[in-house]
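Asks: What follows is coords.cif; its format and atoms are mmCIF, C-alpha atoms.
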data_work
#
loop_
_atom_site.label_atom_id
_atom_site.label_comp_id
_atom_site.auth_asym_id
_atom_site.auth_seq_id
_atom_site.Cartn_x
_atom_site.Cartn_y
_atom_site.Cartn_z
CA GLN P 1 -70.91 10.50 40.68
CA LEU P 2 -68.47 10.64 37.84
CA GLN P 3 -64.99 11.52 39.02
CA LEU P 4 -62.18 12.05 36.58
CA VAL P 5 -58.50 11.46 37.17
CA GLU P 6 -55.79 13.20 35.16
CA SER P 7 -52.17 12.20 34.96
CA GLY P 8 -49.11 12.75 32.81
CA GLY P 9 -48.18 16.32 33.61
CA GLY P 10 -44.67 17.40 34.39
CA LEU P 11 -41.75 19.65 33.56
CA VAL P 12 -40.64 19.74 29.94
CA GLN P 13 -38.37 21.93 27.86
CA PRO P 14 -39.74 24.03 24.99
CA GLY P 15 -40.21 21.87 21.94
CA GLY P 16 -40.76 18.78 24.03
CA SER P 17 -43.77 16.51 24.35
CA LEU P 18 -46.09 15.20 27.03
CA ARG P 19 -49.10 12.93 26.96
CA LEU P 20 -51.89 13.60 29.43
CA SER P 21 -54.36 10.89 30.41
CA CYS P 22 -57.90 11.18 31.72
CA THR P 23 -59.74 8.22 33.15
CA ALA P 24 -62.81 7.61 35.31
CA PRO P 25 -62.81 4.55 37.54
CA GLY P 26 -66.20 2.84 37.42
CA PHE P 27 -67.54 4.81 34.47
CA ARG P 28 -67.27 4.22 30.73
CA LEU P 29 -65.80 7.35 29.20
CA ASN P 30 -66.92 6.40 25.71
CA TYR P 31 -70.40 7.61 26.70
CA TYR P 32 -69.11 11.10 27.46
CA ALA P 33 -67.75 14.01 25.54
CA ILE P 34 -64.39 14.82 27.06
CA VAL P 35 -62.83 18.25 27.10
CA TRP P 36 -59.35 19.25 28.14
CA PHE P 37 -59.24 22.68 29.75
CA ARG P 38 -56.24 24.53 31.06
CA GLN P 39 -55.79 27.39 33.45
CA ALA P 40 -52.67 29.46 33.80
CA PRO P 41 -52.09 31.75 36.82
CA GLY P 42 -54.21 34.85 36.57
CA LYS P 43 -56.08 33.63 33.51
CA GLU P 44 -59.49 32.15 32.87
CA ARG P 45 -59.95 28.47 32.26
CA GLU P 46 -59.57 27.83 28.54
CA GLY P 47 -61.00 24.98 26.47
CA VAL P 48 -58.06 23.37 24.69
CA SER P 49 -59.52 20.32 23.00
CA CYS P 50 -62.75 18.37 22.90
CA LEU P 51 -63.76 14.88 21.75
CA SER P 52 -67.40 13.93 21.24
CA SER P 53 -68.81 10.57 22.26
CA SER P 54 -71.19 10.18 19.33
CA ASP P 55 -69.00 10.55 16.26
CA ASP P 56 -65.60 11.47 17.69
CA SER P 57 -65.85 15.00 16.35
CA THR P 58 -63.16 17.23 17.77
CA TYR P 59 -62.36 20.80 18.70
CA TYR P 60 -58.95 22.39 19.09
CA ALA P 61 -58.15 25.88 20.25
CA ASP P 62 -56.26 27.87 17.64
CA SER P 63 -53.30 28.09 19.98
CA VAL P 64 -52.79 24.31 19.94
CA LYS P 65 -53.90 23.28 16.44
CA GLY P 66 -51.30 21.15 14.73
CA ARG P 67 -49.48 20.49 18.03
CA PHE P 68 -52.03 18.75 20.27
CA THR P 69 -54.07 15.64 19.50
CA ILE P 70 -56.97 14.29 21.52
CA SER P 71 -57.80 10.60 21.31
CA ARG P 72 -59.74 7.88 23.07
CA ASP P 73 -58.77 4.30 23.94
CA ASN P 74 -61.98 2.58 24.90
CA ALA P 75 -60.21 -0.62 25.93
CA LYS P 76 -58.26 1.35 28.52
CA ASN P 77 -61.18 3.69 29.30
CA THR P 78 -58.83 6.60 28.83
CA VAL P 79 -58.78 9.83 26.85
CA TYR P 80 -55.40 11.22 25.94
CA LEU P 81 -54.07 14.62 25.05
CA GLN P 82 -50.83 14.29 23.13
CA MET P 83 -48.96 17.57 23.33
CA ASN P 84 -46.05 18.16 20.98
CA SER P 85 -43.87 21.17 20.27
CA LEU P 86 -44.67 22.58 23.68
CA LYS P 87 -44.24 26.29 24.26
CA PHE P 88 -43.74 28.41 27.37
CA GLU P 89 -47.33 29.61 27.03
CA ASP P 90 -48.65 26.06 27.36
CA THR P 91 -47.71 26.14 31.03
CA ALA P 92 -50.90 25.65 33.05
CA ILE P 93 -52.91 23.24 35.13
CA TYR P 94 -54.72 20.92 32.73
CA TYR P 95 -58.11 19.53 33.64
CA CYS P 96 -60.35 17.03 31.92
CA ALA P 97 -64.09 17.45 32.08
CA ALA P 98 -66.96 15.27 30.90
CA ASP P 99 -70.56 15.57 29.83
CA PRO P 100 -72.81 12.88 28.33
CA ASP P 101 -74.69 15.25 26.02
CA TYR P 102 -72.13 17.79 24.87
CA TYR P 103 -71.20 17.83 21.20
CA CYS P 104 -67.77 19.05 20.16
CA SER P 105 -67.94 21.35 17.17
CA PRO P 106 -64.72 22.43 15.47
CA ASP P 107 -65.83 26.06 15.60
CA ASP P 108 -67.26 26.28 19.13
CA SER P 109 -64.98 26.73 22.11
CA PRO P 110 -66.19 24.67 25.09
CA GLU P 111 -67.23 26.66 28.15
CA ALA P 112 -66.28 25.45 31.60
CA ARG P 113 -69.77 26.24 32.92
CA ASP P 114 -71.24 23.53 30.66
CA PHE P 115 -69.39 20.73 32.45
CA GLY P 116 -70.22 19.35 35.86
CA SER P 117 -67.65 16.57 36.16
CA TRP P 118 -64.01 17.48 36.59
CA GLY P 119 -60.71 16.01 37.58
CA GLN P 120 -58.26 17.47 40.06
CA GLY P 121 -55.90 18.71 37.37
CA THR P 122 -52.33 18.00 36.40
CA GLN P 123 -49.59 20.60 36.20
CA VAL P 124 -47.74 21.13 32.93
CA THR P 125 -44.70 23.37 33.10
CA VAL P 126 -42.71 24.29 30.01
CA SER P 127 -39.40 25.76 31.02
CA SER P 128 -35.80 25.77 29.94
#
Please go through the file and, once you have read it, give me the structure as structure tokens.
Replies:
Amino acid sequence: QLQLVESGGGLVQPGGSLRLSCTAPGFRLNYYAIVWFRQAPGKEREGVSCLSSSDDSTYYADSVKGRFTISRDNAKNTVYLQMNSLKFEDTAIYYCAADPDYYCSPDDSPEARDFGSWGQGTQVTVSS
């Protein structure tokens, strides 16, 4: 069964940057659409960014457009989420999720219920 592993979270000041990584030992992530979700305390899990496997189409939530970039390094079997200009409201646990058939449309927010493979999450805290 596909198991995802996130890393790269941490504590950062507002305006700072972090790069999250998602990998899957034993599985080729280039065959999967990858979505980064986040969940803040007391809030629902939110789709932040998505990268398709077929044509690398992407989705970004309005709240992160222009600040976050999702990318894939097939040689390292890793999907990244580069997060710049971080804000207090970006504080959350960030999860990556995968599905072999999902297509990322720029106008459609991914729903957590559509993904069966998840990582354990990595904490991102933006604080001064």
Asks: Can you list what the PyMOL selection byres ((chain P and resi 86-99) around 8) grabs from this structure, as a PyMOL selection string?
Replies: chain P and resi 4-6+12-17+22+32-41+67+83-85+100-102+115-127
Asks: CA of Glu44 in chain P to CA of Ile70 in chain P: how many Å, to one decimal?
Replies: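 Taking CA of Glu44 in chain P and CA of Ile70 in chain P, their separation equals 21.3 Å.
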Asks: If I put a ball of radius 10 Å at (-65.7, 18.9, 13.9) in the file's coordinates, which residues poke into it when counting all atoms listed in the file, written as a list of chain:residue names?
Replies: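 All residues meeting the 10 Å criterion around (-65.7, 18.9, 13.9) are P:Cys50, P:Leu51, P:Ser52, P:Asp55, P:Asp56, P:Ser57, P:Thr58, P:Tyr59, P:Tyr60, P:Tyr103, P:Cys104, P:Ser105, P:Pro106, P:Asp107, P:Asp108.
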Asks: Here's the selection I'm unsure about, the PyMOL selection byres ((chain P and resi 74) around 10); applied to the file above, which residues does it give, as a PyMOL selection string?
Replies: chain P and resi 28-31+71-73+75-79
Asks: Considering all atoms listed in the file, can you say which of P:Ala112, P:Val64, P:Leu2, P:Leu81 comes closest to Gly26 in chain P?
Replies: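 Of P:Ala112, P:Val64, P:Leu2, P:Leu81, the one nearest Gly26 in chain P is P:Leu2, counting all atoms listed in the file.
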Asks: Just give me the gap between CA of Glu46 in chain P and CA of Leu18 in chain P in Å, one decimal is fine.
Replies: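 Here the two named atoms are 18.5 Å from each other.
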Asks: Given the choices P:Ser49, P:Gln82, P:Ser128, P:Gly66, which gets closest to Leu20 in chain P if the distance is worked out from all atoms listed in the file?
Replies: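 Of the candidates, the smallest distance to Leu20 in chain P is held by P:Gln82.
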Asks: Write out all heavy atoms for range 28-39 of chain P, as a PDB file, in the coordinates of the input.
Replies:
ATOM      1  N   ARG P  28     -67.747   4.407  32.090  1.00  0.00           N
ATOM      2  CA  ARG P  28     -67.270   4.220  30.730  1.00  0.00           C
ATOM      3  C   ARG P  28     -67.197   5.568  30.052  1.00  0.00           C
ATOM      4  O   ARG P  28     -68.204   6.206  29.748  1.00  0.00           O
ATOM      5  CB  ARG P  28     -68.209   3.294  29.960  1.00  0.00           C
ATOM      6  CG  ARG P  28     -68.270   1.875  30.510  1.00  0.00           C
ATOM      7  CD  ARG P  28     -66.901   1.200  30.455  1.00  0.00           C
ATOM      8  NE  ARG P  28     -66.293   1.263  29.136  1.00  0.00           N
ATOM      9  CZ  ARG P  28     -65.056   0.858  28.872  1.00  0.00           C
ATOM     10  NH1 ARG P  28     -64.298   0.394  29.846  1.00  0.00           N
ATOM     11  NH2 ARG P  28     -64.579   0.938  27.648  1.00  0.00           N
ATOM     12  N   LEU P  29     -65.981   6.018  29.773  1.00  0.00           N
ATOM     13  CA  LEU P  29     -65.800   7.350  29.200  1.00  0.00           C
ATOM     14  C   LEU P  29     -66.279   7.447  27.767  1.00  0.00           C
ATOM     15  O   LEU P  29     -66.469   8.551  27.257  1.00  0.00           O
ATOM     16  CB  LEU P  29     -64.329   7.766  29.282  1.00  0.00           C
ATOM     17  CG  LEU P  29     -63.832   8.207  30.653  1.00  0.00           C
ATOM     18  CD1 LEU P  29     -62.395   8.698  30.554  1.00  0.00           C
ATOM     19  CD2 LEU P  29     -64.719   9.267  31.270  1.00  0.00           C
ATOM     20  N   ASN P  30     -66.472   6.326  27.091  1.00  0.00           N
ATOM     21  CA  ASN P  30     -66.920   6.400  25.710  1.00  0.00           C
ATOM     22  C   ASN P  30     -68.345   6.936  25.595  1.00  0.00           C
ATOM     23  O   ASN P  30     -68.790   7.285  24.503  1.00  0.00           O
ATOM     24  CB  ASN P  30     -66.792   5.058  25.004  1.00  0.00           C
ATOM     25  CG  ASN P  30     -67.510   3.934  25.725  1.00  0.00           C
ATOM     26  OD1 ASN P  30     -67.210   3.652  26.874  1.00  0.00           O
ATOM     27  ND2 ASN P  30     -68.441   3.287  25.049  1.00  0.00           N
ATOM     28  N   TYR P  31     -69.049   7.045  26.709  1.00  0.00           N
ATOM     29  CA  TYR P  31     -70.400   7.610  26.700  1.00  0.00           C
ATOM     30  C   TYR P  31     -70.399   9.120  26.950  1.00  0.00           C
ATOM     31  O   TYR P  31     -71.461   9.738  27.018  1.00  0.00           O
ATOM     32  CB  TYR P  31     -71.272   6.938  27.755  1.00  0.00           C
ATOM     33  CG  TYR P  31     -71.516   5.465  27.485  1.00  0.00           C
ATOM     34  CD1 TYR P  31     -71.238   4.498  28.453  1.00  0.00           C
ATOM     35  CD2 TYR P  31     -72.023   5.036  26.270  1.00  0.00           C
ATOM     36  CE1 TYR P  31     -71.458   3.150  28.216  1.00  0.00           C
ATOM     37  CE2 TYR P  31     -72.258   3.692  26.029  1.00  0.00           C
ATOM     38  CZ  TYR P  31     -71.972   2.759  27.001  1.00  0.00           C
ATOM     39  OH  TYR P  31     -72.194   1.419  26.758  1.00  0.00           O
ATOM     40  N   TYR P  32     -69.231   9.695  27.082  1.00  0.00           N
ATOM     41  CA  TYR P  32     -69.110  11.100  27.460  1.00  0.00           C
ATOM     42  C   TYR P  32     -68.261  11.857  26.443  1.00  0.00           C
ATOM     43  O   TYR P  32     -67.257  11.334  25.943  1.00  0.00           O
ATOM     44  CB  TYR P  32     -68.455  11.254  28.829  1.00  0.00           C
ATOM     45  CG  TYR P  32     -69.257  10.705  29.968  1.00  0.00           C
ATOM     46  CD1 TYR P  32     -69.207   9.353  30.282  1.00  0.00           C
ATOM     47  CD2 TYR P  32     -70.055  11.541  30.741  1.00  0.00           C
ATOM     48  CE1 TYR P  32     -69.954   8.840  31.333  1.00  0.00           C
ATOM     49  CE2 TYR P  32     -70.790  11.044  31.805  1.00  0.00           C
ATOM     50  CZ  TYR P  32     -70.737   9.685  32.091  1.00  0.00           C
ATOM     51  OH  TYR P  32     -71.464   9.186  33.127  1.00  0.00           O
ATOM     52  N   ALA P  33     -68.681  13.089  26.182  1.00  0.00           N
ATOM     53  CA  ALA P  33     -67.750  14.010  25.540  1.00  0.00           C
ATOM     54  C   ALA P  33     -66.721  14.419  26.579  1.00  0.00           C
ATOM     55  O   ALA P  33     -67.058  14.679  27.738  1.00  0.00           O
ATOM     56  CB  ALA P  33     -68.487  15.240  25.015  1.00  0.00           C
ATOM     57  N   ILE P  34     -65.486  14.462  26.163  1.00  0.00           N
ATOM     58  CA  ILE P  34     -64.390  14.820  27.060  1.00  0.00           C
ATOM     59  C   ILE P  34     -63.717  16.083  26.550  1.00  0.00           C
ATOM     60  O   ILE P  34     -63.413  16.191  25.353  1.00  0.00           O
ATOM     61  CB  ILE P  34     -63.341  13.690  27.144  1.00  0.00           C
ATOM     62  CG1 ILE P  34     -63.986  12.385  27.608  1.00  0.00           C
ATOM     63  CG2 ILE P  34     -62.193  14.100  28.073  1.00  0.00           C
ATOM     64  CD1 ILE P  34     -64.541  12.418  29.009  1.00  0.00           C
ATOM     65  N   VAL P  35     -63.511  16.994  27.436  1.00  0.00           N
ATOM     66  CA  VAL P  35     -62.830  18.250  27.100  1.00  0.00           C
ATOM     67  C   VAL P  35     -61.611  18.407  27.985  1.00  0.00           C
ATOM     68  O   VAL P  35     -61.673  18.143  29.184  1.00  0.00           O
ATOM     69  CB  VAL P  35     -63.756  19.464  27.298  1.00  0.00           C
ATOM     70  CG1 VAL P  35     -63.020  20.749  26.930  1.00  0.00           C
ATOM     71  CG2 VAL P  35     -65.011  19.319  26.463  1.00  0.00           C
ATOM     72  N   TRP P  36     -60.528  18.823  27.390  1.00  0.00           N
ATOM     73  CA  TRP P  36     -59.350  19.250  28.140  1.00  0.00           C
ATOM     74  C   TRP P  36     -59.384  20.778  28.239  1.00  0.00           C
ATOM     75  O   TRP P  36     -59.440  21.467  27.218  1.00  0.00           O
ATOM     76  CB  TRP P  36     -58.068  18.798  27.460  1.00  0.00           C
ATOM     77  CG  TRP P  36     -57.777  17.341  27.642  1.00  0.00           C
ATOM     78  CD1 TRP P  36     -58.035  16.326  26.768  1.00  0.00           C
ATOM     79  CD2 TRP P  36     -57.153  16.738  28.774  1.00  0.00           C
ATOM     80  NE1 TRP P  36     -57.623  15.132  27.290  1.00  0.00           N
ATOM     81  CE2 TRP P  36     -57.073  15.355  28.531  1.00  0.00           C
ATOM     82  CE3 TRP P  36     -56.649  17.218  29.990  1.00  0.00           C
ATOM     83  CZ2 TRP P  36     -56.513  14.448  29.434  1.00  0.00           C
ATOM     84  CZ3 TRP P  36     -56.093  16.326  30.885  1.00  0.00           C
ATOM     85  CH2 TRP P  36     -56.030  14.956  30.610  1.00  0.00           C
ATOM     86  N   PHE P  37     -59.378  21.259  29.471  1.00  0.00           N
ATOM     87  CA  PHE P  37     -59.240  22.680  29.750  1.00  0.00           C
ATOM     88  C   PHE P  37     -57.869  22.920  30.355  1.00  0.00           C
ATOM     89  O   PHE P  37     -57.236  22.005  30.874  1.00  0.00           O
ATOM     90  CB  PHE P  37     -60.304  23.148  30.753  1.00  0.00           C
ATOM     91  CG  PHE P  37     -61.706  23.204  30.210  1.00  0.00           C
ATOM     92  CD1 PHE P  37     -62.531  22.085  30.276  1.00  0.00           C
ATOM     93  CD2 PHE P  37     -62.214  24.369  29.668  1.00  0.00           C
ATOM     94  CE1 PHE P  37     -63.835  22.134  29.791  1.00  0.00           C
ATOM     95  CE2 PHE P  37     -63.510  24.431  29.180  1.00  0.00           C
ATOM     96  CZ  PHE P  37     -64.319  23.305  29.246  1.00  0.00           C
ATOM     97  N   ARG P  38     -57.448  24.170  30.330  1.00  0.00           N
ATOM     98  CA  ARG P  38     -56.240  24.530  31.060  1.00  0.00           C
ATOM     99  C   ARG P  38     -56.440  25.911  31.685  1.00  0.00           C
ATOM    100  O   ARG P  38     -57.215  26.728  31.197  1.00  0.00           O
ATOM    101  CB  ARG P  38     -55.012  24.529  30.152  1.00  0.00           C
ATOM    102  CG  ARG P  38     -54.995  25.605  29.070  1.00  0.00           C
ATOM    103  CD  ARG P  38     -53.780  25.419  28.166  1.00  0.00           C
ATOM    104  NE  ARG P  38     -53.722  26.417  27.117  1.00  0.00           N
ATOM    105  CZ  ARG P  38     -52.847  26.398  26.117  1.00  0.00           C
ATOM    106  NH1 ARG P  38     -51.935  25.406  26.041  1.00  0.00           N
ATOM    107  NH2 ARG P  38     -52.851  27.350  25.201  1.00  0.00           N
ATOM    108  N   GLN P  39     -55.720  26.106  32.765  1.00  0.00           N
ATOM    109  CA  GLN P  39     -55.790  27.390  33.450  1.00  0.00           C
ATOM    110  C   GLN P  39     -54.402  27.787  33.907  1.00  0.00           C
ATOM    111  O   GLN P  39     -53.778  27.085  34.712  1.00  0.00           O
ATOM    112  CB  GLN P  39     -56.754  27.326  34.641  1.00  0.00           C
ATOM    113  CG  GLN P  39     -57.032  28.673  35.261  1.00  0.00           C
ATOM    114  CD  GLN P  39     -58.255  28.657  36.152  1.00  0.00           C
ATOM    115  OE1 GLN P  39     -58.702  27.619  36.616  1.00  0.00           O
ATOM    116  NE2 GLN P  39     -58.827  29.823  36.375  1.00  0.00           N
TER     117      GLN P  39
END
